[in-house]
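Asks: Below are the structure tokens for one structure; questions will follow.
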Amino acid sequence: MASIVNIGLRIPSVHPTDVEAVRRFILEAENLGYHSIWVGDHVYYRVDVVDPLVLLTWAAAQTSRVRLGTAVMLTAYRNPVLLAKTASSIDYLSGGRLTLGISIGGTEAEYKSLGVAMNERVAHLRENVAVMRSLWAGEDVSYDGRYRQIEHGTMSPKPKQLSADKTGVPLWFGGGSEPMLRRLAEIADGWVGSGGAPAENFVSGVESIKGFAKEKGRNPDTLGYSKLINVSVADTKAKAYDLAKEHWSEYYGPNFDVDKSSIYGEPEAVRAGLREFSEADTPEVTLILEPSSLDIAQLELLAKTTENLTG
């Protein structure tokens, strides 16, 4: 069982985006003591998805304590040099609060528009990780890769989190397939478990990662573990269901299965559902909860619901 359970929030993607509501959401998340604020990513989508690093820069300027993360960012089609620069700058300006959850997701239209072959996204991901870490940690960097060639690369300012035992901004991989978990255990700093997957999948995924990490000679307890969870809490189960159905059907489409892909209901039921994720055998776990609305009352109720889950 996890010794420490952190409760984070992912800002819901809505249509249309109410900027003032998002601002209140961010400020109240910090005021209520949430551990972290996370954002999603898409270039093209059916609802408003603000660029994740722009949104986190905006959030960083309005907060002082809460950690900031992407859950997850689609990095395989991005220029890793520019991404390294932007991430380093955010981490520096925020006082070392950034975590990049990254993945190989996305749509064919997004990859095609950005000039990257979708069937080469794993190779892009690996190279992008190597490029970013080299630029964060090194001076006068040279890199001769399949997609990127770097000469005399010195990036300043460095990430605030760069230290003798840290390679800069933590890079956590999203996904749940065995190849992705093996990849994670080899080169990533942590895991963002996919939204919708049940608790038993997360618990077994943690065990798989720990085993793969040991195979690579890594200490699995040095990795971060988190889980993205769709949550809707209300004073009645029916109301919580309706809020969940309205929100996630808008994001995922009309076939979204509330029962299969979210935890919803009255506070006690939601608390019990979330507690199952803390059964993962790791020192610390972060539950990244996406509520069913930007409503502050939902945040306050969710904070009370999760009080006895935190370490």
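Chains: A, B, ... in order of the structure tokens. Residues: from 1 per chain. Ligands: from 1, in order shown.
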So that I can check the surroundings of segment 114-119 of chain A, please list as an MDAnalysis selection string every protein, DNA and RNA residue that reaches within 12 Å of it, counting only C-alpha atoms and ignoring chain neighbours fewer than 2 positions away.

Replies: chainID A and resid 43:44 74:79 104:112 121:125 147

Asks: Residues near Val169 of chain A, anyone? I mean within 12 Å using only C-alpha atoms, not counting same-chain ones fewer than 3 positions away, as an mmCIF file with C-alpha atoms, in the first residue's frame.

Replies:
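Everything below was put into result_25.cif:
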data_model
loop_
_atom_site.group_PDB
_atom_site.id
_atom_site.type_symbol
_atom_site.label_atom_id
_atom_site.label_comp_id
_atom_site.auth_asym_id
_atom_site.auth_seq_id
_atom_site.Cartn_x
_atom_site.Cartn_y
_atom_site.Cartn_z
ATOM 1 C CA ARG A 67 3.041 21.344 -8.632
ATOM 2 C CA LEU A 68 2.305 21.592 -12.346
ATOM 3 C CA GLY A 69 2.129 18.737 -14.837
ATOM 4 C CA THR A 70 0.942 17.423 -18.179
ATOM 5 C CA LEU A 83 10.238 21.724 -26.012
ATOM 6 C CA ALA A 84 13.331 21.464 -23.811
ATOM 7 C CA LYS A 85 13.674 25.251 -23.848
ATOM 8 C CA THR A 86 10.041 25.907 -22.944
ATOM 9 C CA ALA A 87 9.936 23.242 -20.222
ATOM 10 C CA SER A 88 13.213 24.450 -18.723
ATOM 11 C CA SER A 89 11.922 28.020 -18.683
ATOM 12 C CA ILE A 90 8.662 27.050 -16.957
ATOM 13 C CA ASP A 91 10.517 24.985 -14.372
ATOM 14 C CA TYR A 92 12.959 27.822 -13.701
ATOM 15 C CA SER A 94 7.980 28.323 -11.233
ATOM 16 C CA GLY A 95 10.709 27.384 -8.775
ATOM 17 C CA GLY A 96 11.017 23.759 -9.895
ATOM 18 C CA ARG A 97 7.367 22.698 -9.965
ATOM 19 C CA LEU A 98 7.027 21.071 -13.410
ATOM 20 C CA THR A 99 6.526 17.410 -14.343
ATOM 21 C CA LEU A 100 6.105 16.439 -17.998
ATOM 22 C CA GLY A 101 3.823 13.473 -18.468
ATOM 23 C CA ILE A 102 4.451 12.477 -22.088
ATOM 24 C CA VAL A 129 13.848 12.252 -24.331
ATOM 25 C CA MET A 132 15.885 17.142 -23.836
ATOM 26 C CA ARG A 133 17.967 15.560 -21.096
ATOM 27 C CA SER A 134 21.213 16.269 -22.930
ATOM 28 C CA LEU A 135 20.355 19.941 -23.317
ATOM 29 C CA TRP A 136 19.144 20.311 -19.733
ATOM 30 C CA ALA A 137 22.214 18.734 -18.176
ATOM 31 C CA LYS A 158 18.714 25.195 -16.704
ATOM 32 C CA PRO A 159 15.698 23.553 -15.061
ATOM 33 C CA LYS A 160 15.434 24.377 -11.376
ATOM 34 C CA GLN A 161 15.121 20.658 -10.660
ATOM 35 C CA LEU A 162 18.466 19.804 -12.274
ATOM 36 C CA SER A 163 20.776 18.315 -9.643
ATOM 37 C CA ASP A 165 20.727 12.935 -9.027
ATOM 38 C CA LYS A 166 18.089 14.496 -11.277
ATOM 39 C CA TRP A 172 6.746 10.493 -16.780
ATOM 40 C CA ALA A 188 11.482 7.492 -17.848
ATOM 41 C CA ASP A 189 11.195 9.012 -14.371
ATOM 42 C CA GLY A 190 7.651 7.895 -13.660
#

Asks: Can you pull out the residues contacting Asn230 of chain A? Cut-off 8 Å, using only C-alpha atoms, and skip same-chain residues under 5 positions away; I want them as a CSV table (one decimal) with N, CA and C atoms, in the first residue's frame.

Replies:
chain,number,residue,atom,x,y,z
A,195,GLY,N,-6.4,7.3,-18.0
A,195,GLY,CA,-7.7,7.4,-17.4
A,195,GLY,C,-8.6,6.3,-17.9
A,196,GLY,N,-9.6,6.0,-17.1
A,196,GLY,CA,-10.6,5.0,-17.4
A,196,GLY,C,-10.2,3.5,-17.0
A,261,SER,N,-15.7,3.9,-17.0
A,261,SER,CA,-14.5,4.8,-17.2
A,261,SER,C,-14.5,5.9,-16.2
A,262,SER,N,-15.3,5.9,-15.1
A,262,SER,CA,-15.2,6.9,-14.1
A,262,SER,C,-15.6,6.4,-12.8
A,263,ILE,N,-15.3,7.2,-11.7
A,263,ILE,CA,-15.7,6.9,-10.4
A,263,ILE,C,-16.7,8.0,-10.0
A,289,LEU,N,-7.1,13.6,-10.4
A,289,LEU,CA,-8.5,13.5,-10.6
A,289,LEU,C,-9.0,14.6,-11.5
A,290,GLU,N,-9.7,14.2,-12.5
A,290,GLU,CA,-10.4,15.2,-13.4
A,290,GLU,C,-11.9,15.2,-13.0
A,291,PRO,N,-12.3,16.3,-12.4
A,291,PRO,CA,-13.7,16.5,-12.0
A,291,PRO,C,-14.6,16.7,-13.2
A,292,SER,N,-15.9,16.5,-12.9
A,292,SER,CA,-16.8,16.6,-14.0
A,292,SER,C,-17.2,18.0,-14.4

Asks: Neighbouring residues of Gly138 of chain A were defined as those with any atom within 9 Å, considering only C-alpha atoms; residues of the same chain fewer than 5 positions away were excluded. Please report them as a list of chain:residue names.

Replies: A:Arg133, A:Gly153, A:Thr154, A:Met155

Asks: Convert the current residue selection to file output with N, CA and C atoms, as a PDB file, in the first residue's frame.

Replies:
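Done, and the output landed in out.pdb:
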ATOM      1  N   ARG A 133      17.090  15.765 -22.252  1.00  0.00           N
ATOM      2  CA  ARG A 133      17.967  15.560 -21.096  1.00  0.00           C
ATOM      3  C   ARG A 133      19.392  16.024 -21.367  1.00  0.00           C
ATOM      4  N   GLY A 153      25.281  23.025 -28.452  1.00  0.00           N
ATOM      5  CA  GLY A 153      24.031  23.388 -27.792  1.00  0.00           C
ATOM      6  C   GLY A 153      24.227  23.628 -26.310  1.00  0.00           C
ATOM      7  N   THR A 154      24.057  24.851 -25.882  1.00  0.00           N
ATOM      8  CA  THR A 154      24.097  25.186 -24.464  1.00  0.00           C
ATOM      9  C   THR A 154      22.820  25.938 -24.120  1.00  0.00           C
ATOM     10  N   MET A 155      22.015  25.362 -23.254  1.00  0.00           N
ATOM     11  CA  MET A 155      20.703  25.921 -22.943  1.00  0.00           C
ATOM     12  C   MET A 155      20.705  26.522 -21.551  1.00  0.00           C
TER      13      MET A 155
END

Asks: Just the residues within 8 Å of Ala280 of chain A, please, counting only C-alpha atoms, with nothing from its chain fewer than 5 positions along; format it as a PyMOL selection string.

Replies: chain A and resi 1-2+202-204+206-207+285

Asks: With C-alpha atoms retained, export the selected residues as a PDB file, in the first residue's frame.

Replies:
ATOM      1  CA  MET A   1       0.000   0.000   0.000  1.00  0.00           C
ATOM      2  CA  ALA A   2       1.235   3.487  -0.821  1.00  0.00           C
ATOM      3  CA  PHE A 202      -3.017   0.268 -12.049  1.00  0.00           C
ATOM      4  CA  VAL A 203      -1.900  -1.903  -9.129  1.00  0.00           C
ATOM      5  CA  SER A 204      -0.686  -4.654 -11.465  1.00  0.00           C
ATOM      6  CA  VAL A 206       2.981  -0.736 -10.827  1.00  0.00           C
ATOM      7  CA  GLU A 207       4.164  -4.282 -10.117  1.00  0.00           C
ATOM      8  CA  VAL A 285       1.304   7.670  -5.487  1.00  0.00           C
TER       9      VAL A 285
END

Asks: Go through A:Glu250, A:Glu284, A:Glu266, A:Glu186 one by one, measure the shortest atom-to-atom distance of each to Ser226 of chain A using only C-alpha atoms, and give the residue with the smallest value.

Replies: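 Using only C-alpha atoms, Ser226 of chain A sits closest to A:Glu284.
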
Asks: With only C-alpha atoms as the basis for distance, which of A:Arg146, A:Lys214, A:His152, A:Lys227 is at the shortest distance from Gly176 of chain A?

Replies: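 Ranked by minimum distance to Gly176 of chain A, first place goes to A:Lys227.
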
Asks: Taking into account only C-alpha atoms, which residue in the set A:Leu309, A:Ile11, A:Ile187, A:Val233 is nearest to Glu279 of chain A?

Replies: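 Nearest to Glu279 of chain A: A:Leu309.
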
Asks: Between A:Val258, A:Val141, A:Val50, A:Ala272, which one has atoms that come closest to Ala238 of chain A, using only C-alpha atoms?

Replies: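 Residue with the minimum atom-to-atom distance to Ala238 of chain A: A:Val258.
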
Asks: Taking only C-alpha atoms into account, name the residue in A:Ala197, A:Ala240, A:Ala130, A:Ala164 that is nearest to Ser177 of chain A.

Replies: A:Ala197

Asks: Excluding His15 of chain A and its own-chain neighbours fewer than 3 positions away, which residues fall within 10 Å of it when counting only C-alpha atoms? Please give them as a list in words.

Replies: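 Neighbouring residues, sequence-local ones excluded: Pro12, Asp18, Arg46, Val47, Asp48, Val49, His247, Glu250 and Tyr251 of chain A.
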